[in-house]
Structure formats: C-alpha cells, structure tokens
Amino acid sequence: MYPPSIQKLIDLFSKFPTVGPKTASRFVFHLIKIPKEKIEELTAAIEELKSKIKLCPLCFNSFEGEEEHCPICSDKTRDKSLICLVEKEVDLEAIEKTRKFKGLYFVLGGTISGFEKEKEKEKMEERVNKLIERIKGEPAFAKASGEVILAINPTTEGQNTTLWLQRKLKSLEIKITQLGQGLPKGGELEYADEETLSSALESRR
C-alpha cells in the first residue's frame, strides 16, 4: 500500500479521462522525481488556467480573453446558418485543424449514458435547451434554412446521444446531418487525421 500522500494523488489523477490507476501512479512518481521548482511551475500554471479560462456563453468552448464570446463566435466571417455540435473541446479543435469548416460550433460537454449521474444529464439538457433558444433567435436559421451537424464520436454512447439530439432538435424543422464516411465505428474524433475528418465533413448526410 502506498503512503497516504501518494495514494491521494493517484486517486485524483485516476479521475482524469482515460487515466487508470497505473498511469496515475506513473504521474505521481514522476512528480516525486522532478525538482521542487517544476512542481511550483505546474501548480502556478493550474491556478492560472482556473483564473483566466472561461466558457463562451454561446458555444461553451473554453477561451481566454476579455471578450464576451470566444474568437470563433466573435468572427463575423463565419457562417451563422451552420452549427457543428461536438462532444468536447478537443473534437472542435480537431475539426478546426481541417480548415474545411466555416460555420460555428456548440460543445455538448459529454454523452448520454445510462451510467451518467443525473446532474450531468441535467447539465446537458440545459445546454441543448440553450442551443435551441440560440437557433430560434438566429435570423440565419429563419424559414428552416440552417443546418446543424451532429459531429458526435461514433461510439455506442455517441450513437445514443445522436438519437437523443435528433429527437430534441426535431421540432425546429431545420436540416440535421451527421458526419459521413471515413470515421471508424467506435473511434474518437480527436484521434482522426485531418484528411479523414475533411472527408467526413464533405460527405455528411
């Protein structure tokens, strides 16, 4: 059994996405080996992250700055009649790197799963309701002329989430599409190469 101070950090790191106890323990023992000033640099960076980073009230993307909205939502050259709905920020970044998408985004913040906590479900419900309000108030979506792309990871949870979103957005009577060919079933958008993502965007249906 590890000493309490080591075990506590292992437990904390294990709560990070895709990080298990073994990887978490490697992190902790790496921290033990590095100089104290590096630890101080890390803690300062985390404190700066929490003080400077905020969520865009329109798309829920993380950004830094004094502006009210993130750089993408503030960009007047973006197509406001096109919204790409993604599961998390890293998926947004992956799509942006393709340079093929010129619309706006919306970050859902997770997936619908039978194992999720009720508070997380409520959080996603609130976000989707805000997206619906946003679409209703956007002139570019008037007369069912806009499009929402459901760019959710093709996992089992992602497919269930896509079906849920389709039901939620159905009443808007707008065009709702999904990413097309190229993405492997069960894969993650953040790990797909730019060419595959570009192809999936172009062949959306």
# chains A, B, ... in the order shown; residues from 1 in each chain; ligands from 1
$ residues_around --residues "Thr77 in chain A" --least-positions-apart "2" --cutoff "9 Å" --atoms "only C-alpha atoms" --output "ChimeraX atom specification"
/A:74-75,79-80,102-103
$ write_last_selection --atoms "N, CA and C atoms" --output "short mmCIF file (atom, residue, chain, number, x, y, z; two decimals), in the first residue's frame"
data_model
loop_
_atom_site.label_atom_id
_atom_site.label_comp_id
_atom_site.auth_asym_id
_atom_site.auth_seq_id
_atom_site.Cartn_x
_atom_site.Cartn_y
_atom_site.Cartn_z
N SER A 74 -17.12 35.17 -32.23
CA SER A 74 -16.96 36.61 -32.48
C SER A 74 -16.56 36.91 -33.92
N ASP A 75 -16.16 35.88 -34.65
CA ASP A 75 -15.70 36.04 -36.03
C ASP A 75 -16.89 36.30 -36.97
N ASP A 79 -20.06 31.40 -41.00
CA ASP A 79 -21.42 31.14 -41.48
C ASP A 79 -22.33 30.84 -40.29
N LYS A 80 -23.21 31.78 -39.95
CA LYS A 80 -24.08 31.62 -38.79
C LYS A 80 -25.23 30.64 -39.01
N LYS A 102 -16.46 26.27 -41.97
CA LYS A 102 -16.51 27.73 -41.85
C LYS A 102 -17.70 28.21 -41.01
N GLY A 103 -18.39 27.29 -40.36
CA GLY A 103 -19.53 27.68 -39.55
C GLY A 103 -19.16 27.89 -38.09
#
$ residues_around --residues "Asp11 in chain A" --least-positions-apart "3" --cutoff "10 Å" --atoms "only C-alpha atoms" --output "list in words"
Ile6, Gln7, Lys8, Ser14, Lys15, Phe16, Gly20, Pro21, Ala24 and Ser25 of chain A
$ residues_around --residues "range 171-177 of chain A" --least-positions-apart "5" --cutoff "8 Å" --atoms "only C-alpha atoms" --output "PyMOL selection string"
chain A and resi 132+136+141+144-150+166+204-205
$ write_last_selection --atoms "C-alpha atoms" --output "PDB file, in the first residue's frame"
ATOM      1  CA  ILE A 132     -32.471  25.580 -29.269  1.00  0.00           C
ATOM      2  CA  LYS A 136     -34.688  30.208 -32.714  1.00  0.00           C
ATOM      3  CA  PHE A 141     -31.886  29.898 -39.277  1.00  0.00           C
ATOM      4  CA  ALA A 144     -35.639  26.310 -41.814  1.00  0.00           C
ATOM      5  CA  SER A 145     -32.648  27.438 -43.864  1.00  0.00           C
ATOM      6  CA  GLY A 146     -29.921  26.499 -41.374  1.00  0.00           C
ATOM      7  CA  GLU A 147     -28.087  23.249 -40.673  1.00  0.00           C
ATOM      8  CA  VAL A 148     -26.852  21.525 -37.517  1.00  0.00           C
ATOM      9  CA  ILE A 149     -24.122  18.911 -37.949  1.00  0.00           C
ATOM     10  CA  LEU A 150     -24.084  16.269 -35.212  1.00  0.00           C
ATOM     11  CA  GLN A 166     -32.218  14.314 -33.146  1.00  0.00           C
ATOM     12  CA  ARG A 204     -22.183  14.361 -44.206  1.00  0.00           C
ATOM     13  CA  ARG A 205     -25.732  13.178 -44.593  1.00  0.00           C
TER      14      ARG A 205
END
$ atom_distance --atom1 "CA of Cys84 in chain A" --atom2 "CA of Tyr105 in chain A"
4.7 Å
$ closest_residue --among "A:Lys100, A:Lys168, A:Arg127, A:Lys36" --to "Pro57 in chain A" --atoms "only C-alpha atoms"
A:Arg127
$ select_by_dssp --residues "range 74-114 of chain A" --states "strand (DSSP E)" --output "list in words"
Asp79, Lys80, Ser81, Leu82, Ile83, Cys84, Leu85, Val86, Gly103, Leu104, Tyr105, Phe106 and Val107 of chain A
$ write_last_selection --atoms "N, CA and C atoms" --output "JSON list (two decimals), in the first residue's frame"
[["chain", "number", "residue", "atom", "x", "y", "z"],
["A", 79, "ASP", "N", -20.06, 31.40, -41.00],
["A", 79, "ASP", "CA", -21.42, 31.14, -41.48],
["A", 79, "ASP", "C", -22.33, 30.84, -40.29],
["A", 80, "LYS", "N", -23.21, 31.78, -39.95],
["A", 80, "LYS", "CA", -24.08, 31.62, -38.79],
["A", 80, "LYS", "C", -25.23, 30.64, -39.01],
["A", 81, "SER", "N", -25.43, 30.22, -40.24],
["A", 81, "SER", "CA", -26.51, 29.28, -40.54],
["A", 81, "SER", "C", -26.03, 27.83, -40.44],
["A", 82, "LEU", "N", -24.79, 27.64, -39.98],
["A", 82, "LEU", "CA", -24.20, 26.31, -39.90],
["A", 82, "LEU", "C", -23.55, 26.12, -38.53],
["A", 83, "ILE", "N", -24.08, 25.17, -37.76],
["A", 83, "ILE", "CA", -23.55, 24.89, -36.42],
["A", 83, "ILE", "C", -23.12, 23.43, -36.34],
["A", 84, "CYS", "N", -21.88, 23.21, -35.92],
["A", 84, "CYS", "CA", -21.35, 21.86, -35.74],
["A", 84, "CYS", "C", -21.37, 21.54, -34.25],
["A", 85, "LEU", "N", -22.15, 20.55, -33.88],
["A", 85, "LEU", "CA", -22.29, 20.16, -32.48],
["A", 85, "LEU", "C", -21.31, 19.03, -32.16],
["A", 86, "VAL", "N", -20.40, 19.28, -31.22],
["A", 86, "VAL", "CA", -19.39, 18.30, -30.85],
["A", 86, "VAL", "C", -19.53, 17.90, -29.39],
["A", 103, "GLY", "N", -18.39, 27.29, -40.36],
["A", 103, "GLY", "CA", -19.53, 27.68, -39.55],
["A", 103, "GLY", "C", -19.16, 27.89, -38.09],
["A", 104, "LEU", "N", -20.15, 27.76, -37.21],
["A", 104, "LEU", "CA", -19.96, 27.92, -35.77],
["A", 104, "LEU", "C", -20.03, 26.55, -35.09],
["A", 105, "TYR", "N", -19.79, 26.55, -33.78],
["A", 105, "TYR", "CA", -19.77, 25.30, -33.03],
["A", 105, "TYR", "C", -20.69, 25.36, -31.81],
["A", 106, "PHE", "N", -20.90, 24.17, -31.25],
["A", 106, "PHE", "CA", -21.59, 24.06, -29.97],
["A", 106, "PHE", "C", -21.03, 22.83, -29.27],
["A", 107, "VAL", "N", -20.49, 23.02, -28.05],
["A", 107, "VAL", "CA", -19.89, 21.93, -27.28],
["A", 107, "VAL", "C", -20.91, 21.37, -26.30]]
$ residues_around --residues "Ile53 in chain A" --least-positions-apart "4" --cutoff "6 Å" --atoms "only C-alpha atoms" --output "PyMOL selection string"
chain A and resi 49+63-64
$ write_last_selection --atoms "N, CA and C atoms" --output "mmCIF file, in the first residue's frame"
data_model
loop_
_atom_site.group_PDB
_atom_site.id
_atom_site.type_symbol
_atom_site.label_atom_id
_atom_site.label_comp_id
_atom_site.auth_asym_id
_atom_site.auth_seq_id
_atom_site.Cartn_x
_atom_site.Cartn_y
_atom_site.Cartn_z
ATOM 1 N N LEU A 49 -4.722 28.705 -15.167
ATOM 2 C CA LEU A 49 -5.757 28.108 -16.004
ATOM 3 C C LEU A 49 -7.144 28.385 -15.433
ATOM 4 N N PHE A 63 -12.101 29.551 -23.612
ATOM 5 C CA PHE A 63 -11.248 30.551 -24.255
ATOM 6 C C PHE A 63 -10.686 31.505 -23.211
ATOM 7 N N GLU A 64 -9.712 32.287 -23.646
ATOM 8 C CA GLU A 64 -9.042 33.238 -22.762
ATOM 9 C C GLU A 64 -9.114 34.631 -23.373
#
$ residues_around --residues "Lys54 in chain A" --least-positions-apart "2" --cutoff "12 Å" --atoms "only C-alpha atoms" --output "JSON, numbers by chain"
{"A": [48, 49, 50, 51, 52, 56, 57, 58, 59, 60, 61, 62, 63, 64, 65, 66, 67, 68, 69, 70]}
$ select_by_dssp --residues "range 6-199 of chain A" --states "helix (DSSP H, G or I)" --output "PyMOL selection string"
chain A and resi 6-13+21-33+36-52+71-74+89-96+118-136+139-144+156-172+189-191+194-199
